[in-house]
Amino acid sequence: MNRSGLIFILLLLISGPVFCQETNYGPGYQTLLLNNPAFSGSNSDGILRLSYFNFYPGNQYNFHSVFMSYDSYFESLHGGAGFYISNDYIGGIVNDLRSGLSYSYFLQAGRDLYIHAGLSASFFHRGYNFSDAVFPDQIDAMGGISSPTSELISNENKTVFDVGTGLMFIYKRISGGFAITHLTQPDLSRNGSSDENLNRKYLIHFLMDIELNKTNDLRILPLASLELQGKLLSTAAGAALGNKFMSVSSVLMVNNNKNIDLQAGFSLRMEKMTFYYNYRFNLLSGYSLMPFSMLHQTGLTFSLNKVEKRIKLRTINIPDM
């Protein structure tokens with residue numbers, strides 16, 4: 001039996017216990033624009049970010065995601081602006097395509113305190129293709145696949161509009177933010193059921209930049225985050241250690257499904273390009289179907305344009321994860 005064909009059943013089985021409604025990329029800052037529009041332009045320079053995710057590798061679940069974003073500071077807008085596009089390919093059956101625009105207004109609230117207020121507008125498209133799906137009534141007693149299913153499920157797609165908002169602060173070498181996405185609680189169901197409405201997602205994130213050695217630019221970046229969506233509460237804490245050429249990172253993630261995950265990664269920088277890689281694995285699971293290997297993430301960032309440094313604004317260094 002083709003295991004990728006059974007992904008639909010797997011998703012049905014685990015969707016209840018894990019309370020998950022959408023792909024969650026985790027606490028990484030390379031995809032933060034998706035969850036907090038106030039992050040737009042926080043690096044000042046125009047940064048193109050590309051990420052590829054392989055979820056549950058080695059289990060033939062065929063679950064892949066790609067993410068691309070660009071954001072920069074624009075003096076004419078008195079803040080930052082950007083866009084993102086993501087595509088989640090789930091077992092050849094479900095495909096989630098998301099894209100949005102974000103804007104963040106920069107306000108100097110004190111000598112060393114800067115406030116960013118952000119807003120995003122996006123769409124969420126969920127597509128289905130059940131041609132390769134295997135349903136329970138097709139599995140016979142011998143474990144084979146029987147005649148066509150009696151389930152009447154069409155390949156009807158759904159596209160919805162969504163809005164998000166967020167705040168960020170930067171005080172000297174400390175930064176943090178609060179964001180709410182899915183303000184409209186868009187309905188992704190194909191039958192009008194409110195059970196498939198995307199719950200609002202609440203995110204709190206925090207980052208410090210501690211210089212350890214000024215000569216070789218060695219610094220450590222402690223980070224923490226807390227995310228709540230519906231019944232799913234997840235937290236993360238860790239740090240990245242490195243200089244302007246390379247870094248290593250480690251983050252511990254815990255959620256109320258009794259899952260404990262650890263993510264480790266590294267990055268290499270050269271001129272205007274950075275390569276990074278992260279691997280996440282499950283240390284403890286509250287659900288027996290959760291595989292040990294959670295994801296591989298690899299990506300590139302490119303600095304496409306420099307913002308004039310004489311412009312008075314506060315920027316942050318972010319971990320390459």
# chains A, B, ... in the order shown; residues from 1 in each chain; ligands from 1
$ residues_around --residues "region 28-43 of chain A" --least-positions-apart "3" --cutoff "6 Å" --atoms "only C-alpha atoms" --output "ChimeraX atom specification"
/A:71-73,80-82,102,104,116-120,166-168,179,315-316,321
$ select_by_dssp --residues "region 46-107 of chain A" --states "strand (DSSP E)" --output "ChimeraX atom specification"
/A:46-55,63-74,79-90,94-107
$ closest_atom_pairs --of "region 179-260 of chain A" --to "region 157-161 of chain A" --cutoff "9 Å" --atoms "only C-alpha atoms" --output "tab-separated table"
residue	atom	partner	partner_atom	distance
A:Thr184	CA	A:Phe161	CA	7.9
A:Pro186	CA	A:Val160	CA	6.1
A:Asp187	CA	A:Val160	CA	7.1
A:Leu188	CA	A:Lys158	CA	6.1
A:Ser189	CA	A:Lys158	CA	7.5
A:Arg190	CA	A:Lys158	CA	7.0
$ residues_around --residues "Asp45 (chain A)" --least-positions-apart "5" --cutoff "6 Å" --atoms "only C-alpha atoms" --output "ChimeraX atom specification"
/A:72,305-307
$ residues_around --residues "region 246-252 of chain A" --least-positions-apart "3" --cutoff "6 Å" --atoms "only C-alpha atoms" --output "MDAnalysis selection string"
chainID A and resid 236:243 261:269
$ closest_residue --among "A:Leu77, A:Ile318, A:Leu113, A:Val163" --to "Met208 (chain A)" --atoms "only C-alpha atoms"
A:Ile318
$ residues_around --residues "Val94 (chain A)" --least-positions-apart "2" --cutoff "7 Å" --atoms "only C-alpha atoms" --output "list in words"
Tyr89, Ile90, Gly91, Gly92, Asp96, Gly127, Tyr128 and Asn129 of chain A
$ residues_around --residues "region 173-176 of chain A" --least-positions-apart "4" --cutoff "6 Å" --atoms "only C-alpha atoms" --output "ChimeraX atom specification"
/A:168-169,205-209
$ write_last_selection --atoms "C-alpha atoms" --output "mmCIF file, in the first residue's frame"
data_model
loop_
_atom_site.group_PDB
_atom_site.id
_atom_site.type_symbol
_atom_site.label_atom_id
_atom_site.label_comp_id
_atom_site.auth_asym_id
_atom_site.auth_seq_id
_atom_site.Cartn_x
_atom_site.Cartn_y
_atom_site.Cartn_z
ATOM 1 C CA MET A 168 7.212 45.274 17.989
ATOM 2 C CA PHE A 169 9.521 47.192 20.264
ATOM 3 C CA HIS A 205 8.270 36.713 20.843
ATOM 4 C CA PHE A 206 11.388 38.066 22.536
ATOM 5 C CA LEU A 207 15.031 38.447 21.457
ATOM 6 C CA MET A 208 18.240 39.786 23.029
ATOM 7 C CA ASP A 209 21.562 40.638 21.385
#
